[in-house]
Amino acid sequence: MSNDNANMPGADLEAELTSQPDVWEHAVSLTREPALLPADGQRIAVVGCGTSWFMAQAYASLRERGGRGETDAFAASEALVDRDYDAIVAITRSGTTTEVLELLDAVRSHARRGGVRTVGIVGDPNTPLVDLVDDVVALPFADERSVVQTRFATSALALLRSSLGHDLAPVIAQARAVLHDELDDELIEAEQYTFLGTGFSVGIAHEAALKMRESSQSWTESYPAKEYRHGPIAIAAPGRVTWAFGELPAGIRADTESTGARFEHNEIDAMADLVRLHRVALERARRKGLDPDRPRNLTRSVILDPQ
């Protein structure tokens with residue numbers, strides 16, 4: 001990042017999103033941390049809030065579809081963990097998110113859950129989370145200053161994917177390439193965005209929609225790709241964008257383009273294409289005079305007052 005950009009709104013977000021390929025390389029090079037994750041064949045739940053929930057969805061899809069064991073993903077506030085799980089994995093950048101801490105505390109203190117192992121994946125290891133889990137996967141090198149998450153979430157997913165045997169080298173190369181792509185004004189200036197995914201990229205699509213909302217106060221929606229034509233396509237129109245990650249259902253491009261909306265799809269890994277979305281969201285925020293490092297109504301961690 002240039003010195004000129006260092007003083008611009010969203011400077012932290014820019015530095016963090018552009019560092020993703022390097023930070024992913026660090027994450028997948030770790031040797032001790034993957035051994036702390038649940039073993040193959042174990043039945044597990046993965047929980048988080050906001051961005052971390054969407055990374056949990058992506059990991060759950062990859063783990064179960066890859067034959068590694070039954071894997072559910074929950075928002076921490078709605079988690080159903082009384083299901084004879086062997087382990088619970090909690091993802092939280094800050095380690096202070098109220099709903100995650102409450103869930104872990106309940107699991108630890110509940111007599112019937114005494115045999116359930118808990119693992120926390122966290123950016124800041126000097127937080128209350130570490131006292132509530134059996135094992136900590138700390139990624140301090142991926143922690144962030146910006147309120148809007150980019151590299152912690154994707155680095156956690158990179159580590160999780162690597163633990164499942166995925167070769168992330170091509171994904172990292174694709175992410176480096178999209179950092180140098182020219183951004184299209186039509187993408188940046190669109191009236192509305194719908195994000196679609198299949199398999200693990202459903203979680204990526206939900207995360208893309210959240211990033212655009214958080215960064216630029218934009219109207220966004222997200223769905224599994226095959227659900228799009230069961231109603232959501234009604235919103236498609238000229239000046240709007242439908243952005244798909246991952247494998248495309250047959251005919252969905254033509255059906256979308258027939259509405260006059262722009263259909264956006266890159267033949268790259270969804271995690272790398274999310275980096276491109278991060279760049280679009282940042283530029284859109286700047287053009288609207290917003291600072292995504294300090295987005296409206298948001299804080300870096302949600303810490304709720306006790307009732």
# chains A, B, ... in the order shown; residues from 1 in each chain; ligands from 1
call {"tool": "closest_atom_pairs", "arguments": {"of": "range 62-88 of chain A", "to": "range 105-127 of chain A", "cutoff": "7 Å", "atoms": "only C-alpha atoms", "output": "tab-separated table"}}
result
residue	atom	partner	partner_atom	distance
A:Tyr85	CA	A:Val116	CA	6.6
A:Asp86	CA	A:Val116	CA	5.4
A:Ala87	CA	A:Arg117	CA	4.6
A:Ile88	CA	A:Thr118	CA	4.8
call {"tool": "residues_around", "arguments": {"residues": "Ala156 in chain A", "least_positions_apart": "2", "cutoff": "8 Å", "atoms": "only C-alpha atoms", "output": "ChimeraX atom specification"}}
result
/A:27,55,121,139,152-154,158-160
call {"tool": "atom_distance", "arguments": {"atom1": "CA of Leu103 in chain A", "atom2": "CA of Ala76 in chain A"}}
result
6.7 Å
call {"tool": "residues_around", "arguments": {"residues": "Ala209 in chain A", "least_positions_apart": "5", "cutoff": "9 Å", "atoms": "only C-alpha atoms", "output": "ChimeraX atom specification"}}
result
/A:193-195,204,214,218-222
call {"tool": "write_last_selection", "arguments": {"atoms": "all heavy atoms", "output": "mmCIF file, in the first residue's frame"}}
result
data_model
loop_
_atom_site.group_PDB
_atom_site.id
_atom_site.type_symbol
_atom_site.label_atom_id
_atom_site.label_comp_id
_atom_site.auth_asym_id
_atom_site.auth_seq_id
_atom_site.Cartn_x
_atom_site.Cartn_y
_atom_site.Cartn_z
ATOM 1 N N TYR A 193 -26.869 -5.780 -5.464
ATOM 2 C CA TYR A 193 -26.034 -6.962 -5.680
ATOM 3 C C TYR A 193 -26.712 -8.193 -5.080
ATOM 4 O O TYR A 193 -27.179 -8.152 -3.936
ATOM 5 C CB TYR A 193 -24.675 -6.807 -4.995
ATOM 6 C CG TYR A 193 -23.867 -5.613 -5.441
ATOM 7 C CD1 TYR A 193 -24.096 -4.367 -4.866
ATOM 8 C CD2 TYR A 193 -22.872 -5.725 -6.408
ATOM 9 C CE1 TYR A 193 -23.365 -3.260 -5.249
ATOM 10 C CE2 TYR A 193 -22.128 -4.626 -6.798
ATOM 11 C CZ TYR A 193 -22.385 -3.393 -6.217
ATOM 12 O OH TYR A 193 -21.653 -2.290 -6.604
ATOM 13 N N THR A 194 -26.727 -9.269 -5.864
ATOM 14 C CA THR A 194 -27.134 -10.570 -5.345
ATOM 15 C C THR A 194 -25.964 -11.525 -5.530
ATOM 16 O O THR A 194 -25.405 -11.614 -6.630
ATOM 17 C CB THR A 194 -28.365 -11.111 -6.075
ATOM 18 O OG1 THR A 194 -29.458 -10.211 -5.881
ATOM 19 C CG2 THR A 194 -28.753 -12.478 -5.528
ATOM 20 N N PHE A 195 -25.603 -12.232 -4.464
ATOM 21 C CA PHE A 195 -24.476 -13.164 -4.498
ATOM 22 C C PHE A 195 -24.991 -14.588 -4.373
ATOM 23 O O PHE A 195 -25.861 -14.882 -3.553
ATOM 24 C CB PHE A 195 -23.494 -12.841 -3.366
ATOM 25 C CG PHE A 195 -22.891 -11.476 -3.487
ATOM 26 C CD1 PHE A 195 -23.442 -10.399 -2.810
ATOM 27 C CD2 PHE A 195 -21.790 -11.252 -4.309
ATOM 28 C CE1 PHE A 195 -22.904 -9.129 -2.932
ATOM 29 C CE2 PHE A 195 -21.247 -9.980 -4.433
ATOM 30 C CZ PHE A 195 -21.796 -8.915 -3.743
ATOM 31 N N ILE A 204 -19.429 -18.420 1.188
ATOM 32 C CA ILE A 204 -18.688 -17.304 0.582
ATOM 33 C C ILE A 204 -19.654 -16.257 0.053
ATOM 34 O O ILE A 204 -19.434 -15.048 0.198
ATOM 35 C CB ILE A 204 -17.774 -17.824 -0.540
ATOM 36 C CG1 ILE A 204 -16.753 -18.822 0.000
ATOM 37 C CG2 ILE A 204 -17.087 -16.669 -1.246
ATOM 38 C CD1 ILE A 204 -15.734 -18.263 0.951
ATOM 39 N N GLU A 214 -21.618 -4.055 4.948
ATOM 40 C CA GLU A 214 -20.841 -3.409 6.002
ATOM 41 C C GLU A 214 -19.997 -2.263 5.456
ATOM 42 O O GLU A 214 -19.939 -1.182 6.056
ATOM 43 C CB GLU A 214 -19.903 -4.426 6.663
ATOM 44 C CG GLU A 214 -20.579 -5.495 7.492
ATOM 45 C CD GLU A 214 -19.577 -6.483 8.029
ATOM 46 O OE1 GLU A 214 -18.570 -6.768 7.327
ATOM 47 O OE2 GLU A 214 -19.789 -6.992 9.134
ATOM 48 N N SER A 218 -24.631 -0.978 1.168
ATOM 49 C CA SER A 218 -25.279 -1.309 -0.099
ATOM 50 C C SER A 218 -26.393 -2.335 0.107
ATOM 51 O O SER A 218 -26.407 -3.102 1.066
ATOM 52 C CB SER A 218 -24.251 -1.869 -1.080
ATOM 53 O OG SER A 218 -23.260 -0.904 -1.362
ATOM 54 N N TRP A 219 -27.307 -2.345 -0.857
ATOM 55 C CA TRP A 219 -28.411 -3.298 -0.871
ATOM 56 C C TRP A 219 -27.888 -4.603 -1.458
ATOM 57 O O TRP A 219 -27.564 -4.680 -2.641
ATOM 58 C CB TRP A 219 -29.552 -2.727 -1.703
ATOM 59 C CG TRP A 219 -30.688 -3.669 -1.982
ATOM 60 C CD1 TRP A 219 -30.981 -4.839 -1.350
ATOM 61 C CD2 TRP A 219 -31.690 -3.502 -2.987
ATOM 62 N NE1 TRP A 219 -32.108 -5.414 -1.892
ATOM 63 C CE2 TRP A 219 -32.566 -4.608 -2.905
ATOM 64 C CE3 TRP A 219 -31.940 -2.523 -3.939
ATOM 65 C CZ2 TRP A 219 -33.653 -4.765 -3.739
ATOM 66 C CZ3 TRP A 219 -33.025 -2.674 -4.784
ATOM 67 C CH2 TRP A 219 -33.881 -3.789 -4.678
ATOM 68 N N THR A 220 -27.797 -5.620 -0.625
ATOM 69 C CA THR A 220 -27.280 -6.914 -1.078
ATOM 70 C C THR A 220 -28.159 -8.047 -0.587
ATOM 71 O O THR A 220 -28.828 -7.940 0.445
ATOM 72 C CB THR A 220 -25.845 -7.155 -0.568
ATOM 73 O OG1 THR A 220 -25.872 -7.350 0.854
ATOM 74 C CG2 THR A 220 -24.923 -5.999 -0.894
ATOM 75 N N GLU A 221 -28.128 -9.144 -1.347
ATOM 76 C CA GLU A 221 -28.812 -10.371 -0.975
ATOM 77 C C GLU A 221 -27.890 -11.535 -1.309
ATOM 78 O O GLU A 221 -26.924 -11.375 -2.077
ATOM 79 C CB GLU A 221 -30.134 -10.506 -1.728
ATOM 80 C CG GLU A 221 -31.103 -9.353 -1.467
ATOM 81 C CD GLU A 221 -32.434 -9.497 -2.184
ATOM 82 O OE1 GLU A 221 -32.630 -10.524 -2.869
ATOM 83 O OE2 GLU A 221 -33.265 -8.588 -2.058
ATOM 84 N N SER A 222 -28.155 -12.703 -0.741
ATOM 85 C CA SER A 222 -27.327 -13.877 -1.042
ATOM 86 C C SER A 222 -28.144 -15.142 -0.874
ATOM 87 O O SER A 222 -28.987 -15.232 0.030
ATOM 88 C CB SER A 222 -26.097 -13.913 -0.129
ATOM 89 O OG SER A 222 -26.469 -13.852 1.237
#
call {"tool": "residues_around", "arguments": {"residues": "Leu196 in chain A", "least_positions_apart": "6", "cutoff": "10 Å", "atoms": "only C-alpha atoms", "output": "list in words"}}
result
Val202, Gly203, Ile204, Ala205, His206, Ala208, Ala209, Glu221, Ser222, Tyr223, Pro224, Ala225, Lys226, Glu227, Tyr228, Thr242, Trp243, Ala244, Phe245, Gly246, Glu247, Leu248 and His265 of chain A
call {"tool": "atom_distance", "arguments": {"atom1": "CA of Leu30 in chain A", "atom2": "CA of Leu17 in chain A"}}
result
20.6 Å
call {"tool": "atom_distance", "arguments": {"atom1": "CA of Ala45 in chain A", "atom2": "CA of Leu62 in chain A"}}
result
13.2 Å
call {"tool": "closest_residue", "arguments": {"among": "A:Ser61, A:Ser155, A:Thr71, A:Ser201", "to": "Glu16 in chain A", "atoms": "only C-alpha atoms"}}
result
A:Ser155
call {"tool": "select_by_dssp", "arguments": {"residues": "range 117-149 of chain A", "states": "strand (DSSP E)", "output": "PyMOL selection string"}}
result
chain A and resi 117-122+135-138
call {"tool": "select_by_dssp", "arguments": {"residues": "range 60-276 of chain A", "states": "alpha helix (DSSP H)", "output": "VMD selection string"}}
result
chain A and resid 60 to 65 98 to 109 151 to 163 169 to 178 185 to 188 201 to 216 252 to 257 270 to 276
call {"tool": "residues_around", "arguments": {"residues": "Ile172 in chain A", "least_positions_apart": "5", "cutoff": "10 Å", "atoms": "only C-alpha atoms", "output": "list in words"}}
result
Gln20, Pro21, Asp22, Val23, Trp24, Glu25, Ala158, Asp167, Ala177, Asp269, Met271 and Ala272 of chain A
call {"tool": "write_last_selection", "arguments": {"atoms": "N, CA, C and O atoms", "output": "PDB file, in the first residue's frame"}}
result
ATOM      1  N   GLN A  20      -3.842 -10.734   2.025  1.00  0.00           N
ATOM      2  CA  GLN A  20      -4.428 -12.065   2.177  1.00  0.00           C
ATOM      3  C   GLN A  20      -3.597 -13.201   1.579  1.00  0.00           C
ATOM      4  O   GLN A  20      -3.398 -14.221   2.252  1.00  0.00           O
ATOM      5  N   PRO A  21      -3.098 -13.094   0.356  1.00  0.00           N
ATOM      6  CA  PRO A  21      -2.325 -14.233  -0.168  1.00  0.00           C
ATOM      7  C   PRO A  21      -1.134 -14.594   0.713  1.00  0.00           C
ATOM      8  O   PRO A  21      -0.873 -15.775   0.966  1.00  0.00           O
ATOM      9  N   ASP A  22      -0.416 -13.588   1.205  1.00  0.00           N
ATOM     10  CA  ASP A  22       0.740 -13.860   2.063  1.00  0.00           C
ATOM     11  C   ASP A  22       0.306 -14.472   3.394  1.00  0.00           C
ATOM     12  O   ASP A  22       0.957 -15.395   3.913  1.00  0.00           O
ATOM     13  N   VAL A  23      -0.784 -13.969   3.958  1.00  0.00           N
ATOM     14  CA  VAL A  23      -1.246 -14.484   5.245  1.00  0.00           C
ATOM     15  C   VAL A  23      -1.799 -15.901   5.085  1.00  0.00           C
ATOM     16  O   VAL A  23      -1.629 -16.751   5.974  1.00  0.00           O
ATOM     17  N   TRP A  24      -2.446 -16.179   3.963  1.00  0.00           N
ATOM     18  CA  TRP A  24      -2.899 -17.550   3.712  1.00  0.00           C
ATOM     19  C   TRP A  24      -1.710 -18.509   3.657  1.00  0.00           C
ATOM     20  O   TRP A  24      -1.790 -19.626   4.176  1.00  0.00           O
ATOM     21  N   GLU A  25      -0.640 -18.071   3.008  1.00  0.00           N
ATOM     22  CA  GLU A  25       0.553 -18.922   2.955  1.00  0.00           C
ATOM     23  C   GLU A  25       1.049 -19.252   4.356  1.00  0.00           C
ATOM     24  O   GLU A  25       1.442 -20.391   4.646  1.00  0.00           O
ATOM     25  N   ALA A 158      -8.562 -20.854   5.131  1.00  0.00           N
ATOM     26  CA  ALA A 158      -7.402 -21.451   4.462  1.00  0.00           C
ATOM     27  C   ALA A 158      -6.801 -22.559   5.317  1.00  0.00           C
ATOM     28  O   ALA A 158      -6.475 -23.646   4.820  1.00  0.00           O
ATOM     29  N   ASP A 167      -4.993 -28.409  -1.592  1.00  0.00           N
ATOM     30  CA  ASP A 167      -3.787 -27.689  -2.010  1.00  0.00           C
ATOM     31  C   ASP A 167      -4.183 -26.240  -2.267  1.00  0.00           C
ATOM     32  O   ASP A 167      -4.882 -25.937  -3.235  1.00  0.00           O
ATOM     33  N   ALA A 177      -3.318 -12.695  -8.231  1.00  0.00           N
ATOM     34  CA  ALA A 177      -3.631 -12.150  -9.556  1.00  0.00           C
ATOM     35  C   ALA A 177      -4.782 -11.148  -9.491  1.00  0.00           C
ATOM     36  O   ALA A 177      -4.730 -10.093 -10.130  1.00  0.00           O
ATOM     37  N   ASP A 269     -11.225 -20.072  -7.875  1.00  0.00           N
ATOM     38  CA  ASP A 269     -11.720 -20.526  -6.588  1.00  0.00           C
ATOM     39  C   ASP A 269     -12.514 -19.405  -5.917  1.00  0.00           C
ATOM     40  O   ASP A 269     -12.153 -18.221  -5.989  1.00  0.00           O
ATOM     41  N   MET A 271     -12.797 -18.503  -2.875  1.00  0.00           N
ATOM     42  CA  MET A 271     -12.074 -17.748  -1.860  1.00  0.00           C
ATOM     43  C   MET A 271     -11.213 -16.672  -2.512  1.00  0.00           C
ATOM     44  O   MET A 271     -11.086 -15.556  -1.985  1.00  0.00           O
ATOM     45  N   ALA A 272     -10.627 -16.966  -3.662  1.00  0.00           N
ATOM     46  CA  ALA A 272      -9.856 -15.964  -4.387  1.00  0.00           C
ATOM     47  C   ALA A 272     -10.768 -14.892  -4.975  1.00  0.00           C
ATOM     48  O   ALA A 272     -10.436 -13.698  -4.977  1.00  0.00           O
TER      49      ALA A 272
END
call {"tool": "residues_around", "arguments": {"residues": "Ala190 in chain A", "least_positions_apart": "6", "cutoff": "12 Å", "atoms": "only C-alpha atoms", "output": "count of residues only"}}
result
21
call {"tool": "closest_residue", "arguments": {"among": "A:Glu207, A:Asp273, A:Glu191, A:Glu144", "to": "Glu14 in chain A", "atoms": "only C-alpha atoms"}}
result
A:Glu144
